[in-house]
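Have a look at coords.cif below; it lists mmCIF, C-alpha atoms.
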data_final
loop_
_atom_site.label_atom_id
_atom_site.label_comp_id
_atom_site.auth_asym_id
_atom_site.auth_seq_id
_atom_site.Cartn_x
_atom_site.Cartn_y
_atom_site.Cartn_z
CA MET A 101 4.41 -66.77 -46.52
CA ASP A 102 4.07 -70.57 -47.08
CA ARG A 103 4.33 -71.07 -43.33
CA LEU A 104 1.51 -68.57 -42.71
CA GLN A 105 -0.64 -70.31 -45.32
CA SER A 106 0.00 -73.66 -43.65
CA MET A 107 -0.89 -72.21 -40.24
CA ARG A 108 -4.09 -70.75 -41.67
CA ALA A 109 -5.03 -74.11 -43.20
CA PHE A 110 -4.34 -75.87 -39.90
CA THR A 111 -6.54 -73.48 -37.89
CA LYS A 112 -9.39 -73.90 -40.38
CA VAL A 113 -9.17 -77.69 -40.13
CA VAL A 114 -9.38 -77.46 -36.31
CA GLU A 115 -12.32 -75.04 -36.42
CA HIS A 116 -14.27 -77.09 -38.98
CA SER A 117 -13.24 -80.53 -37.65
CA GLY A 118 -12.27 -81.71 -41.11
CA PHE A 119 -10.29 -81.06 -44.27
CA ALA A 120 -13.21 -80.84 -46.68
CA ALA A 121 -15.09 -78.19 -44.69
CA ALA A 122 -11.87 -76.24 -44.14
CA ALA A 123 -11.11 -76.34 -47.86
CA ARG A 124 -14.58 -74.99 -48.67
CA ALA A 125 -14.14 -72.18 -46.15
CA MET A 126 -10.79 -71.22 -47.70
CA GLY A 127 -11.87 -71.64 -51.32
CA LEU A 128 -9.14 -74.24 -51.90
CA SER A 129 -9.06 -77.90 -52.85
CA ARG A 130 -9.00 -80.55 -50.12
CA SER A 131 -5.64 -81.83 -51.33
CA VAL A 132 -4.03 -78.38 -51.04
CA VAL A 133 -5.24 -77.99 -47.45
CA ASN A 134 -4.13 -81.52 -46.58
CA LYS A 135 -0.65 -81.00 -48.05
CA SER A 136 -0.29 -77.68 -46.20
CA VAL A 137 -1.00 -79.32 -42.85
CA ILE A 138 1.25 -82.31 -43.60
CA ARG A 139 4.07 -79.90 -44.52
CA LEU A 140 3.52 -78.00 -41.26
CA GLU A 141 3.64 -81.21 -39.18
CA ARG A 142 6.80 -82.30 -41.00
CA ASP A 143 8.49 -78.93 -40.42
CA LEU A 144 7.57 -78.98 -36.73
CA GLY A 145 8.43 -82.64 -36.28
CA THR A 146 5.21 -83.45 -34.41
CA GLN A 147 1.65 -84.64 -35.03
CA LEU A 148 -0.86 -81.81 -34.75
CA LEU A 149 -4.05 -83.64 -35.72
CA ARG A 150 -5.74 -86.96 -34.97
CA ARG A 151 -7.36 -88.23 -38.15
CA SER A 152 -10.22 -90.71 -38.45
CA THR A 153 -12.74 -91.51 -41.14
CA ARG A 154 -15.40 -89.48 -39.31
CA ARG A 155 -13.63 -86.63 -37.57
CA VAL A 156 -10.40 -84.68 -37.28
CA SER A 157 -9.37 -83.27 -33.90
CA PRO A 158 -6.21 -81.61 -32.53
CA THR A 159 -3.71 -83.48 -30.38
CA GLU A 160 -2.70 -81.89 -27.08
CA THR A 161 0.30 -80.33 -28.83
CA GLY A 162 -1.90 -79.35 -31.74
CA LEU A 163 -4.40 -77.57 -29.49
CA ALA A 164 -1.62 -75.55 -27.84
CA PHE A 165 -0.17 -74.69 -31.25
CA TYR A 166 -3.65 -73.76 -32.53
CA GLU A 167 -4.04 -71.18 -29.75
CA ARG A 168 -0.76 -69.54 -30.76
CA CYS A 169 -1.63 -69.66 -34.46
CA VAL A 170 -4.96 -67.93 -33.84
CA GLN A 171 -3.23 -64.99 -32.18
CA ILE A 172 -0.44 -64.77 -34.76
CA LEU A 173 -2.84 -64.84 -37.70
CA ALA A 174 -5.09 -62.28 -36.02
CA ASP A 175 -2.08 -59.98 -35.61
CA VAL A 176 -1.15 -60.44 -39.26
CA ASP A 177 -4.72 -59.74 -40.39
CA GLU A 178 -4.87 -56.66 -38.18
CA ALA A 179 -1.62 -55.33 -39.65
CA VAL A 180 -3.02 -55.76 -43.17
CA MET A 181 -6.44 -54.37 -42.36
CA SER A 182 -5.03 -51.36 -40.56
CA VAL A 183 -3.61 -49.96 -43.80
CA THR A 184 -6.73 -50.45 -45.90
CA GLU A 185 -9.47 -47.95 -46.39
CA LEU A 186 -12.08 -50.66 -45.81
CA GLN A 187 -11.17 -50.83 -42.14
CA GLU A 188 -12.43 -47.27 -41.65
CA ARG A 189 -15.58 -47.49 -43.77
CA PRO A 190 -18.36 -49.86 -42.65
CA ALA A 191 -19.97 -51.59 -45.62
CA GLY A 192 -21.40 -54.94 -46.73
CA LYS A 193 -23.71 -57.27 -44.81
CA LEU A 194 -23.75 -57.63 -41.03
CA ARG A 195 -25.27 -60.94 -39.84
CA VAL A 196 -26.37 -60.93 -36.18
CA ASN A 197 -27.99 -63.66 -34.09
CA SER A 198 -29.82 -63.09 -30.79
CA PRO A 199 -32.24 -64.77 -28.38
CA MET A 200 -35.87 -64.17 -29.35
CA SER A 201 -37.18 -62.10 -26.42
CA PHE A 202 -34.07 -59.96 -26.13
CA GLY A 203 -33.96 -59.41 -29.87
CA VAL A 204 -37.55 -58.22 -30.14
CA ARG A 205 -37.49 -56.08 -27.00
CA HIS A 206 -34.03 -54.53 -27.00
CA LEU A 207 -31.91 -55.42 -30.01
CA ALA A 208 -34.39 -54.23 -32.66
CA PRO A 209 -34.14 -50.52 -31.69
CA VAL A 210 -30.33 -50.75 -31.70
CA VAL A 211 -30.36 -52.33 -35.17
CA THR A 212 -32.63 -49.55 -36.42
CA GLU A 213 -30.31 -46.91 -34.94
CA PHE A 214 -27.25 -48.61 -36.46
CA MET A 215 -28.85 -48.70 -39.93
CA ALA A 216 -29.60 -44.97 -39.75
CA MET A 217 -26.00 -44.27 -38.74
CA HIS A 218 -24.43 -46.56 -41.39
CA PRO A 219 -26.70 -46.78 -44.46
CA GLU A 220 -24.06 -48.66 -46.48
CA VAL A 221 -24.40 -51.70 -44.19
CA ASP A 222 -27.14 -54.25 -44.84
CA VAL A 223 -28.20 -56.02 -41.63
CA GLU A 224 -29.59 -59.53 -41.27
CA VAL A 225 -30.96 -60.41 -37.82
CA ILE A 226 -31.89 -64.01 -36.97
CA LEU A 227 -33.63 -64.65 -33.64
CA ASN A 228 -33.76 -67.99 -31.84
CA ASP A 229 -33.10 -69.32 -28.35
CA ARG A 230 -30.64 -72.12 -29.13
CA PHE A 231 -26.87 -71.73 -28.94
CA VAL A 232 -25.45 -70.65 -32.31
CA ASP A 233 -21.80 -71.04 -33.30
CA PRO A 234 -21.10 -68.00 -35.50
CA ILE A 235 -18.36 -69.85 -37.39
CA GLU A 236 -20.54 -72.81 -38.33
CA GLU A 237 -23.57 -70.71 -39.28
CA GLY A 238 -21.86 -67.71 -40.83
CA PHE A 239 -22.75 -64.95 -38.36
CA ASP A 240 -20.51 -61.95 -37.76
CA LEU A 241 -21.55 -62.09 -34.11
CA THR A 242 -24.12 -63.75 -31.91
CA LEU A 243 -25.54 -62.43 -28.65
CA ARG A 244 -26.06 -64.86 -25.78
CA ILE A 245 -27.55 -64.40 -22.33
CA ALA A 246 -25.93 -67.27 -20.52
CA GLU A 247 -22.65 -68.61 -19.26
CA PRO A 248 -21.01 -68.84 -22.72
CA ALA A 249 -19.94 -72.31 -23.78
CA TYR A 250 -16.16 -72.70 -24.01
CA LEU A 251 -15.12 -72.89 -27.63
CA THR A 252 -11.47 -72.28 -28.46
CA SER A 253 -12.41 -70.71 -31.78
CA LEU A 254 -14.73 -68.07 -30.24
CA ALA A 255 -14.00 -64.78 -28.54
CA SER A 256 -16.44 -63.50 -25.92
CA ARG A 257 -17.05 -59.86 -25.09
CA GLU A 258 -19.24 -59.07 -22.09
CA ILE A 259 -21.77 -56.34 -22.83
CA ALA A 260 -23.91 -56.15 -19.67
CA PRO A 261 -25.05 -58.15 -16.63
CA ALA A 262 -28.26 -60.13 -17.08
CA ARG A 263 -29.85 -60.06 -13.64
CA ARG A 264 -32.62 -62.55 -12.93
CA VAL A 265 -35.37 -62.50 -10.31
CA LEU A 266 -38.08 -64.73 -8.93
CA CYS A 267 -41.39 -62.96 -9.46
CA ALA A 268 -45.15 -63.48 -9.28
CA SER A 269 -48.31 -61.43 -9.57
CA PRO A 270 -49.91 -59.84 -6.49
CA GLY A 271 -53.02 -61.89 -7.30
CA TYR A 272 -51.17 -65.20 -7.14
CA LEU A 273 -49.40 -64.27 -3.90
CA ALA A 274 -52.65 -63.10 -2.30
CA VAL A 275 -54.23 -66.51 -2.88
CA GLN A 276 -51.26 -68.86 -2.49
CA GLY A 277 -49.17 -66.93 0.00
CA GLU A 278 -45.60 -65.74 -0.35
CA PRO A 279 -42.69 -68.12 0.43
CA ASP A 280 -40.07 -66.89 2.87
CA HIS A 281 -37.56 -69.68 2.11
CA PRO A 282 -36.69 -71.52 -1.14
CA LYS A 283 -37.66 -74.86 0.45
CA GLN A 284 -41.28 -73.68 0.27
CA LEU A 285 -41.12 -73.35 -3.53
CA LYS A 286 -42.03 -77.04 -3.91
CA GLU A 287 -45.46 -76.10 -2.50
CA HIS A 288 -45.98 -73.48 -5.24
CA ARG A 289 -46.70 -73.49 -8.94
CA CYS A 290 -43.42 -72.60 -10.64
CA LEU A 291 -43.08 -71.51 -14.24
CA GLN A 292 -39.96 -73.08 -15.73
CA TYR A 293 -37.74 -72.01 -18.60
CA GLY A 294 -36.79 -75.07 -20.63
CA TYR A 295 -38.48 -78.28 -21.65
CA SER A 296 -40.70 -80.78 -19.84
CA GLY A 297 -39.04 -84.03 -18.86
CA THR A 298 -35.85 -82.33 -17.73
CA THR A 299 -34.78 -81.95 -14.11
CA THR A 300 -36.50 -78.87 -12.75
CA GLY A 301 -34.27 -77.03 -10.29
CA TRP A 302 -33.56 -73.40 -9.51
CA ARG A 303 -30.12 -72.33 -8.25
CA LEU A 304 -30.49 -69.68 -5.55
CA THR A 305 -27.90 -68.07 -3.29
CA GLY A 306 -28.40 -67.65 0.46
CA GLU A 307 -26.41 -67.74 3.68
CA ARG A 308 -25.04 -71.21 2.80
CA GLY A 309 -24.00 -70.17 -0.68
CA GLU A 310 -25.57 -71.36 -3.91
CA GLN A 311 -27.96 -74.30 -3.69
CA THR A 312 -30.35 -76.00 -6.12
CA TYR A 313 -34.01 -76.28 -5.14
CA ILE A 314 -36.30 -78.70 -6.94
CA VAL A 315 -39.62 -77.14 -7.93
CA SER A 316 -42.90 -78.28 -9.48
CA ALA A 317 -43.46 -76.83 -12.94
CA PRO A 318 -46.97 -76.99 -14.41
CA LEU A 319 -45.70 -74.83 -17.29
CA CYS A 320 -42.42 -75.14 -19.19
CA SER A 321 -41.44 -72.96 -22.13
CA ASN A 322 -38.25 -72.09 -23.99
CA ASN A 323 -39.46 -68.49 -24.33
CA GLY A 324 -39.45 -66.06 -21.41
CA ASP A 325 -42.38 -63.98 -22.67
CA VAL A 326 -44.65 -67.02 -22.44
CA LEU A 327 -43.67 -67.42 -18.79
CA LYS A 328 -44.13 -63.70 -18.12
CA THR A 329 -47.67 -63.80 -19.56
CA ALA A 330 -48.53 -66.78 -17.35
CA ALA A 331 -47.09 -65.03 -14.28
CA LEU A 332 -49.16 -61.91 -15.04
CA GLY A 333 -52.18 -64.21 -15.29
CA ASP A 334 -51.74 -65.40 -11.67
CA GLN A 335 -50.44 -68.81 -12.74
CA GLY A 336 -47.34 -69.08 -10.56
CA ILE A 337 -43.81 -67.96 -9.73
CA ALA A 338 -41.38 -67.40 -12.60
CA LEU A 339 -37.60 -67.06 -12.72
CA LEU A 340 -36.95 -64.47 -15.42
CA PRO A 341 -34.37 -61.85 -16.45
CA THR A 342 -35.13 -58.22 -15.70
CA PHE A 343 -34.82 -57.35 -19.38
CA ILE A 344 -38.17 -59.17 -19.74
CA VAL A 345 -39.93 -58.31 -16.45
CA GLY A 346 -38.30 -55.01 -15.46
CA GLY A 347 -41.26 -52.94 -16.61
CA ALA A 348 -43.80 -55.19 -14.88
CA LEU A 349 -41.82 -54.99 -11.63
CA GLN A 350 -41.63 -51.22 -11.94
CA GLU A 351 -45.40 -50.81 -12.42
CA GLY A 352 -46.29 -53.41 -9.77
CA SER A 353 -48.04 -55.98 -11.95
CA LEU A 354 -45.31 -58.41 -10.82
CA ARG A 355 -43.53 -58.52 -7.46
CA THR A 356 -40.13 -59.91 -6.53
CA VAL A 357 -40.27 -63.17 -4.55
CA LEU A 358 -37.52 -64.29 -2.13
CA PRO A 359 -35.33 -61.19 -2.65
CA ASP A 360 -32.84 -62.48 -0.05
CA PHE A 361 -32.18 -65.58 -2.20
CA PRO A 362 -31.15 -64.22 -5.61
CA PRO A 363 -30.82 -66.61 -8.58
CA SER A 364 -27.47 -67.28 -10.18
CA GLN A 365 -26.74 -64.45 -12.58
CA LEU A 366 -25.95 -64.49 -16.27
CA THR A 367 -24.22 -62.15 -18.70
CA LEU A 368 -25.15 -60.62 -22.03
CA SER A 369 -22.15 -61.43 -24.22
CA ALA A 370 -21.22 -61.05 -27.87
CA LEU A 371 -19.51 -64.08 -29.39
CA TYR A 372 -17.50 -63.92 -32.60
CA PRO A 373 -14.64 -65.81 -34.28
CA ARG A 374 -11.50 -65.21 -32.29
CA ASN A 375 -9.16 -65.32 -35.27
CA ARG A 376 -11.17 -62.87 -37.36
CA HIS A 377 -10.03 -59.26 -37.17
CA LEU A 378 -13.07 -57.13 -36.41
CA SER A 379 -14.24 -55.29 -39.49
CA ALA A 380 -15.51 -51.75 -39.16
CA LYS A 381 -19.16 -52.85 -39.27
CA VAL A 382 -18.72 -55.37 -36.43
CA ARG A 383 -16.55 -53.05 -34.34
CA LEU A 384 -19.03 -50.16 -34.64
CA PHE A 385 -21.99 -52.42 -33.87
CA LEU A 386 -20.26 -53.66 -30.71
CA GLU A 387 -19.53 -50.07 -29.71
CA LEU A 388 -23.22 -49.22 -30.09
CA LEU A 389 -24.23 -52.24 -27.99
CA ASP A 390 -21.81 -51.08 -25.29
CA ALA A 391 -23.24 -47.55 -25.43
CA ARG A 392 -26.86 -48.69 -25.13
CA PHE A 393 -26.56 -51.63 -22.73
CA GLY A 394 -23.16 -51.36 -20.98
CA GLY A 395 -22.77 -50.68 -17.28
CA ARG A 396 -26.21 -50.69 -15.66
CA PRO A 397 -28.65 -51.49 -18.49
CA HIS A 398 -31.84 -49.45 -18.71
CA TRP A 399 -34.08 -52.49 -18.14
CA ASP A 400 -32.41 -53.35 -14.83
CA LEU A 401 -34.68 -51.14 -12.74
CA VAL A 402 -34.98 -51.19 -8.97
CA GLU A 403 -38.25 -52.87 -8.09
#
Transcribe the structure of this file into structure tokens.
Amino acid sequence: MDRLQSMRAFTKVVEHSGFAAAARAMGLSRSVVNKSVIRLERDLGTQLLRRSTRRVSPTETGLAFYERCVQILADVDEAVMSVTELQERPAGKLRVNSPMSFGVRHLAPVVTEFMAMHPEVDVEVILNDRFVDPIEEGFDLTLRIAEPAYLTSLASREIAPARRVLCASPGYLAVQGEPDHPKQLKEHRCLQYGYSGTTTGWRLTGERGEQTYIVSAPLCSNNGDVLKTAALGDQGIALLPTFIVGGALQEGSLRTVLPDFPPSQLTLSALYPRNRHLSAKVRLFLELLDARFGGRPHWDLVE
């Protein structure tokens, strides 16, 4: 049991990049956590951590050992949880993070449905468009529509594809014309997701594979609904996910541009701590997300 405790202390130090933060997470003193890791290194006969006054990081051997520890501890936790009644009864608080537009448009109805199904669970939903590490900020899971950043302490579960399209209003295309090749985008007003001052390029796939095309962006925003509103107002061509513009494409207020040169595609994924056995509330919430969005999501309509 002492060995398991030492392994748990070691994984917490890696995940929190320090002994003090790991000790707080475990509810132990810093000295206890430090002694546990020193004992583990002594027993193994190797250095697992690089220590400095500002940061603690795993050695190459330590990183490999961390990966094994995560799986072993998860198996132990699962064995314990499997024989408890709590594992079968969802209760407590569920903290979920999601991008703003997706959260308002699609996650909110799922949260409402989940609350009706499991009234003993209190749900906290925080919406923002920056990357959130659920370990650092205390979320049970966070939803991302992106290529998830590689973090050894996070598990990623793909929920649904997040298809993107280039689109513009019929009014804009009637006045400015419709490009038939991505090279012509530099002659158009393009509505860019992100921030001004950054390199503005769209990755599109054609006969020569994926290429980046530099565009002119009179409007930049870190929120897709702002870009959709501008596109509907005849202000340019936008690159947006179909979960935002699917309805507008269906009704014809927006039209797909350059359909033979699709943008690089993203994925809706749920991220959560890899070494944390999924509680009933998290497992059931993930199952509901799969049921509502898995496969071909309802927003991904054929234009």
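Residues selected in this file by the PyMOL selection byres ((chain A and resi 394) around 6) comprise Ile259, Ala260, Asp390, Ala391, Phe393 and Gly395 of chain A.
The list of residues with at least one atom within 10 Å of His218 (chain A), based on all atoms listed in the file and without residues fewer than 5 positions apart in the same chain, reads A:Arg189, A:Pro190, A:Ala191, A:Glu213, A:Lys381, A:Leu384, A:Phe385.
Residues matching the PyMOL selection byres ((chain A and resi 128-135) around 10) in this structure come to Gln105, Ser106, Arg108, Ala109, Phe110, Lys112, Val113, Gly118, Phe119, Ala120, Ala121, Ala122, Ala123, Arg124, Ala125, Met126, Gly127, Ser136, Val137, Ile138, Arg139, Leu140 and Glu141 of chain A.
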Counting all atoms listed in the file, the residue of A:Ser321, A:Ser152, A:Thr305, A:Thr367 that sits nearest Tyr293 (chain A): A:Ser321
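Straight-line separation from CA of Met181 (chain A) to CA of Met215 (chain A): 23.2 Å.
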Residues matched by the PyMOL selection byres ((chain A and resi 162) around 10), written as a PyMOL selection string: chain A and resi 110-111+114+141+146-150+157-161+163-168
Closest of A:Met107, A:Val345, A:Ala317, A:Val180 to Ser201 (chain A) - atom-to-atom distances counting all atoms listed in the file: A:Val345
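CA of Asn197 (chain A) sits 28.2 Å away from CA of Ala179 (chain A).
Closest approach to Gly306 (chain A) from the set A:Asp177, A:Asp280, A:Glu237, A:Glu387 is made by A:Asp280, with distances taken over all atoms listed in the file.
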Interatomic distance, CA of Pro199 (chain A) to CA of Val232 (chain A) (Å, one decimal): 9.8 Å
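If you measure from each of A:Pro279, A:Pro234, A:Pro209, A:Gly192 to Pro373 (chain A) using only C-alpha atoms, the closest one turns out to be A:Pro234.
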Contacts of Leu243 (chain A) at 6 Å (only C-alpha atoms; same-chain gap of 4+ positions) as a ChimeraX atom specification: /A:198,369-370
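The residue that comes closest to Leu349 (chain A), out of A:Trp399, A:Phe239, A:Phe214, A:Phe231 and on the basis of only C-alpha atoms, is A:Trp399.
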Selection near region 360-366 of chain A, 12 Å with all atoms listed in the file, sequence-local residues under 6 positions removed, as a VMD selection string: chain A and resid 244 to 248 258 to 267 279 to 283 285 301 to 313 338 to 343
Top pick for closest residue to Ile172 (chain A), considering A:Ala208, A:Ile344, A:Arg374, A:Asp233 and counting all atoms listed in the file: A:Arg374
Can you fill out region 102-122 of chain A with N, CA, C and O atoms and hand it back as a CSV table (one decimal), in the frame of the given file?
chain,number,residue,atom,x,y,z
A,102,ASP,N,4.6,-69.2,-47.1
A,102,ASP,CA,4.1,-70.6,-47.1
A,102,ASP,C,3.8,-71.0,-45.7
A,102,ASP,O,2.8,-71.8,-45.5
A,103,ARG,N,4.6,-70.7,-44.7
A,103,ARG,CA,4.3,-71.1,-43.3
A,103,ARG,C,3.0,-70.5,-42.8
A,103,ARG,O,2.2,-71.1,-42.2
A,104,LEU,N,2.8,-69.2,-43.1
A,104,LEU,CA,1.5,-68.6,-42.7
A,104,LEU,C,0.3,-69.3,-43.4
A,104,LEU,O,-0.7,-69.5,-42.7
A,105,GLN,N,0.5,-69.6,-44.6
A,105,GLN,CA,-0.6,-70.3,-45.3
A,105,GLN,C,-0.9,-71.7,-44.7
A,105,GLN,O,-2.1,-72.1,-44.5
A,106,SER,N,0.2,-72.4,-44.3
A,106,SER,CA,0.0,-73.7,-43.6
A,106,SER,C,-0.7,-73.5,-42.3
A,106,SER,O,-1.5,-74.3,-41.9
A,107,MET,N,-0.3,-72.5,-41.5
A,107,MET,CA,-0.9,-72.2,-40.2
A,107,MET,C,-2.4,-71.9,-40.4
A,107,MET,O,-3.2,-72.3,-39.6
A,108,ARG,N,-2.7,-71.1,-41.4
A,108,ARG,CA,-4.1,-70.8,-41.7
A,108,ARG,C,-4.9,-72.0,-42.0
A,108,ARG,O,-6.0,-72.2,-41.6
A,109,ALA,N,-4.3,-72.9,-42.8
A,109,ALA,CA,-5.0,-74.1,-43.2
A,109,ALA,C,-5.2,-75.0,-42.0
A,109,ALA,O,-6.3,-75.5,-41.8
A,110,PHE,N,-4.2,-75.1,-41.1
A,110,PHE,CA,-4.3,-75.9,-39.9
A,110,PHE,C,-5.5,-75.3,-39.0
A,110,PHE,O,-6.3,-76.1,-38.5
A,111,THR,N,-5.5,-74.0,-38.8
A,111,THR,CA,-6.5,-73.5,-37.9
A,111,THR,C,-7.9,-73.7,-38.5
A,111,THR,O,-8.9,-74.0,-37.7
A,112,LYS,N,-8.1,-73.6,-39.8
A,112,LYS,CA,-9.4,-73.9,-40.4
A,112,LYS,C,-9.8,-75.4,-40.2
A,112,LYS,O,-11.0,-75.7,-40.0
A,113,VAL,N,-8.9,-76.3,-40.3
A,113,VAL,CA,-9.2,-77.7,-40.1
A,113,VAL,C,-9.6,-77.9,-38.7
A,113,VAL,O,-10.6,-78.7,-38.5
A,114,VAL,N,-9.0,-77.3,-37.7
A,114,VAL,CA,-9.4,-77.5,-36.3
A,114,VAL,C,-10.8,-76.9,-36.1
A,114,VAL,O,-11.6,-77.5,-35.5
A,115,GLU,N,-11.0,-75.7,-36.6
A,115,GLU,CA,-12.3,-75.0,-36.4
A,115,GLU,C,-13.5,-75.8,-37.1
A,115,GLU,O,-14.6,-75.7,-36.6
A,116,HIS,N,-13.2,-76.4,-38.2
A,116,HIS,CA,-14.3,-77.1,-39.0
A,116,HIS,C,-14.3,-78.6,-38.8
A,116,HIS,O,-15.1,-79.3,-39.4
A,117,SER,N,-13.3,-79.1,-38.0
A,117,SER,CA,-13.2,-80.5,-37.6
A,117,SER,C,-13.1,-81.4,-38.9
A,117,SER,O,-13.6,-82.5,-38.9
A,118,GLY,N,-12.5,-80.9,-39.9
A,118,GLY,CA,-12.3,-81.7,-41.1
A,118,GLY,C,-11.6,-80.9,-42.2
A,118,GLY,O,-11.6,-79.7,-42.3
A,119,PHE,N,-11.0,-81.7,-43.2
A,119,PHE,CA,-10.3,-81.1,-44.3
A,119,PHE,C,-11.2,-80.5,-45.3
A,119,PHE,O,-11.0,-79.5,-45.9
A,120,ALA,N,-12.3,-81.3,-45.6
A,120,ALA,CA,-13.2,-80.8,-46.7
A,120,ALA,C,-13.9,-79.5,-46.3
A,120,ALA,O,-14.0,-78.6,-47.2
A,121,ALA,N,-14.4,-79.4,-45.1
A,121,ALA,CA,-15.1,-78.2,-44.7
A,121,ALA,C,-14.1,-77.0,-44.6
A,121,ALA,O,-14.4,-75.9,-45.0
A,122,ALA,N,-12.9,-77.3,-44.2
A,122,ALA,CA,-11.9,-76.2,-44.1
A,122,ALA,C,-11.5,-75.8,-45.5
A,122,ALA,O,-11.3,-74.6,-45.8
